[in-house]
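Undergrad: One structure follows; several queries about it will come next.
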Amino acid sequence: MSKPLVAVVGRSNVGKSTFFNRICGRRISIVKDTPGVTRDRIYADAEWCGKHFTLVDTGGIETDDIDFLTEIRRQAEVAIDLADVIVFMVDGKAGLLASDREVASLLRSAKKPVVLAVNKLDNNETDNLYDFYELALGEPFPISCEQALGLGDLLDEIVRDLPDGDEDGDVGLKIAFVGKPNVGKSSLVNRLLGFERVIVSDVAGTTRDAIDTPLTYNGMDYMLIDTAGMRRKRGIEDESVERYGVLRAMAAIARADVVMIVFDASQEISEQDVRIAGMVHDEGKPSVIVMNKWDLVEKDTHTVNRYRERLAEQLSFMSYFRAEYVSAVSGQRVERLLSIAEEVYGKASARITTGVLNDVIGDAVRTTEPPTHSGRRLKVLYGTQASANPPTFVIFVNDETLVHFSYKRYLENCLRRAFDFSGTPIRLKFVGKKEETK
């Protein structure tokens with residue numbers, strides 16, 4: 001189940017990035033008193049009063065742009081399209097501006113909850129607040145992101161409007177195709193569908209939106225999600241429509257059950273390929289590395305092994321990866337992607353009984369004892385599986401600060417050897433538990 005998405009919109013320099021950093025608890029967005037510092041969308045998971053959601057920091061809208069009205073509408077429309085709740089942030093010191101009215105007129109027509117946040121009211125200047133009632137977006141919430149004033153009331157309102165769960169309903173397994181531009185995502189979707197559902201072109205960036213198409217195959221229902229190619233930041237013009245394609249692609253990853261990470265097998269693995277794979281890994285999604293354009297690769301008996309070694313080196317952070325070598329043009333092995341998607345989703349949904357899990361953990365500890373730190377030895381008490389998708393295990397220890405990264409990785413490898421988690425990340429959380437005194 002994907003987390004609800006909260007998008008923060010507004011013109012430049014109203015404090016969106018400061019708000020983002022405050023809520024997410026760490027400095028992620030660049031904050032500077034210069035309009036336009038935030039150049040791309042930034043995602044982070046947040047939580048308030050037990051409600052989990054994904055917060056999106058948006059780039060500001062420049063009032064001196066020639067295409068200002070086009071840009072302002074585009075940003076608001078994307079937020080309306082994708083977000084479950086929209087936070088419209090305005091500058092309380094600057095007062096109500098014409099650009100704020102432009103955004104508000106679009107948001108009023110949306111069938112989405114909108115929360116109006118009036119920022120920079122550092123000294124509780126309530127006189128500046130009343131003008132914003134004119135926007136007809138409900139009660140404006142006075143806040144100061146710099147001084148963390150009023151954020152609790154604002155967050156209470158945001159989470160009150162969040163949906164309880166996934167609203168996609170029973171649409172079958174949702175499979176998103178992501179990757180750089182022109183690696184063949186749309187061609188793979190079309191090959192699976194058997195007809196030209198999405199535009200295919202040799203021009204990079206043809207697909208702008210995430211396109212959902214249902215498919216029934218061998219009695220199973222699927223939802224195929226074709227996404228825009230994700231370029232490096234410096235490859236995207238600041239005001240380009242392509243930024244919104246990237247936003248939709250990232251949202252598609254969040255709501256997908258399985259992600260097909262498409263590489264161009266005829267080219268070297270790039271830094272951007274690895275970065276996109278990292279996004280999927282960080283989101284905790286089961287995935288398949290799809291080496292497309294396999295028909296263009298000159299092969300011998302060792303070709304696949306060489307590619308596997310190259311992938312293992314570049315994707316060392318996701319040693320669990322599954323790779324499939326296909327050709328959208330010839331159709332070679334493309335149909336296998338659906339059965340592999342079912343397989344890796346099954347791995348991500350697996351539940352391990354507590355007894356079996358602790359047998360494996362116990363064997364691992366007896367084989368390799370935890371190291372000592374400052375004269376103290378880590379003691380592993382017991383473990384349990386907290387959740388699935390991705391499989392998440394809570395391991396109780398005497399002191400979680402004694403857990404070294406290398407031993408955590410050792411335990412993860414032991415779990416992977418005992419249980420087949422190929423194609424899916426797993427999460428290990430260590431919780432300190434004081435030993436009972438006799």
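Just so we're on the same page: first chain in the structure tokens is A, next is B, and so on; residues restart at 1 for each chain, and ligands are numbered from 1 in the order they show up.
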Which residues are close to Leu154 in chain A, i.e. within 8 Å by only C-alpha atoms, leaving aside same-chain residues fewer than 6 positions away? Reply as a list in words.

TA: Val115, Ala117, Phe141 and Ile143 of chain A

Undergrad: Excluding same-chain residues fewer than 2 positions from Leu192 in chain A, what lies within 8 Å of it counting only C-alpha atoms, as a PyMOL selection string?

TA: chain A and resi 188-190+194+334-335

Undergrad: Do you have the CA of Ser187 in chain A-CA of Lys3 in chain A distance handy?

TA: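 According to the coordinates, CA of Ser187 in chain A and CA of Lys3 in chain A are separated by 29.1 Å.
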
Undergrad: Of the candidates A:Ala277, A:Arg191, A:Ile426, A:Leu55, which shows the shortest atom-to-atom distance to Ser316 in chain A, using only C-alpha atoms?

TA: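 With only C-alpha atoms as the atom set, the closest residue is A:Ala277.
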
Undergrad: Find the residue from A:Asp127, A:Thr392, A:Leu82, A:Gly50 that sits nearest to Ala251 in chain A; use only C-alpha atoms when measuring.

TA: A:Leu82

Undergrad: Would you mind listing what lies within 10 Å of Val259 in chain A as a list of chain:residue names, with only C-alpha atoms counted and same-chain residues fewer than 5 positions away left out?

TA: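 Listing them by chain and then by number gives A:Lys174, A:Ile175, A:Ala176, A:Phe177, A:Val178, A:Leu224, A:Ile225, A:Ala252, A:Ile253, A:Ala254, A:Ala277, A:Val280, A:His281, A:Lys285, A:Pro286, A:Ser287, A:Val288, A:Ile289, A:Val290, A:Ala341, A:Val344, A:Tyr345.
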
Undergrad: Near Glu283 in chain A, counting only C-alpha atoms, which residues have an atom at most 10 Å away, once you skip same-chain residues fewer than 5 positions from it, shown as a list in words?

TA: Ser2, Ala44, Asp45, Met250, Ile253, Ala254, Arg255, Ala277, Gly278, Pro390 and Pro425 of chain A

Undergrad: Within 12 Å of range 133-140 of chain A, counting only C-alpha atoms, which residues show up once you throw out same-chain ones fewer than 3 positions away? Write them as an MDAnalysis selection string, please.

TA: chainID A and resid 86:92 95:110 112:119 121 126:130 143 150 153:154 157

Undergrad: For the selection just defined, write its residues with C-alpha atoms to a file, as a CSV table (one decimal), in the first residue's frame.

TA:
chain,number,residue,atom,x,y,z
A,86,ILE,CA,-2.5,20.0,-1.1
A,87,VAL,CA,-0.8,22.5,1.2
A,88,PHE,CA,-1.0,26.0,-0.4
A,89,MET,CA,1.7,28.1,1.2
A,90,VAL,CA,1.7,31.9,1.1
A,91,ASP,CA,3.9,34.7,2.6
A,92,GLY,CA,2.2,36.5,5.5
A,95,GLY,CA,0.5,39.9,2.1
A,96,LEU,CA,-2.0,38.7,-0.5
A,97,LEU,CA,-0.7,38.9,-4.1
A,98,ALA,CA,-2.3,38.5,-7.4
A,99,SER,CA,-0.3,35.3,-8.0
A,100,ASP,CA,-1.8,33.8,-4.8
A,101,ARG,CA,-5.3,34.5,-6.2
A,102,GLU,CA,-4.3,32.7,-9.4
A,103,VAL,CA,-3.3,29.6,-7.6
A,104,ALA,CA,-6.3,29.7,-5.3
A,105,SER,CA,-8.7,29.9,-8.2
A,106,LEU,CA,-7.3,26.6,-9.6
A,107,LEU,CA,-7.2,24.9,-6.2
A,108,ARG,CA,-10.8,25.8,-5.4
A,109,SER,CA,-12.0,23.8,-8.5
A,110,ALA,CA,-10.1,20.7,-7.4
A,112,LYS,CA,-8.9,17.6,-3.3
A,113,PRO,CA,-8.5,18.8,0.3
A,114,VAL,CA,-6.5,22.1,0.4
A,115,VAL,CA,-4.9,23.5,3.5
A,116,LEU,CA,-3.9,27.1,3.4
A,117,ALA,CA,-0.7,27.9,5.3
A,118,VAL,CA,0.3,31.5,5.9
A,119,ASN,CA,4.0,31.5,6.7
A,121,LEU,CA,4.2,35.2,10.9
A,126,THR,CA,-2.7,38.2,13.1
A,127,ASP,CA,-3.6,41.4,11.3
A,128,ASN,CA,-1.8,40.0,8.2
A,129,LEU,CA,-3.9,36.8,8.4
A,130,TYR,CA,-7.4,38.1,7.6
A,143,ILE,CA,2.7,29.5,11.0
A,150,GLY,CA,1.8,26.7,14.5
A,153,ASP,CA,-2.2,22.7,14.2
A,154,LEU,CA,-1.3,22.7,10.5
A,157,GLU,CA,-5.4,19.5,9.6

Undergrad: Running DSSP on the backbone, which parts of range 258-434 of chain A land in alpha helix (DSSP H), as a ChimeraX atom specification?

TA: /A:271-282,303-314,336-348,354-367,405-418

Undergrad: Using Å and a single decimal, report how far CA of Ser266 in chain A sits from CA of Val304 in chain A.

TA: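 Distance reported for this atom pair: 12.8 Å.
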
Undergrad: If I take CA of Arg306 in chain A and CA of Gln272 in chain A, how far is one from the other in Å, to one decimal?

TA: 20.5 Å

Undergrad: For Lys408 in chain A, find every residue with an atom within 9 Å (counting only C-alpha atoms), except residues of its own chain fewer than 5 positions away, and show them as a list in words.

TA: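 After dropping sequence-adjacent residues, the list is Val403, Asn413, Leu428 and Phe430 of chain A.
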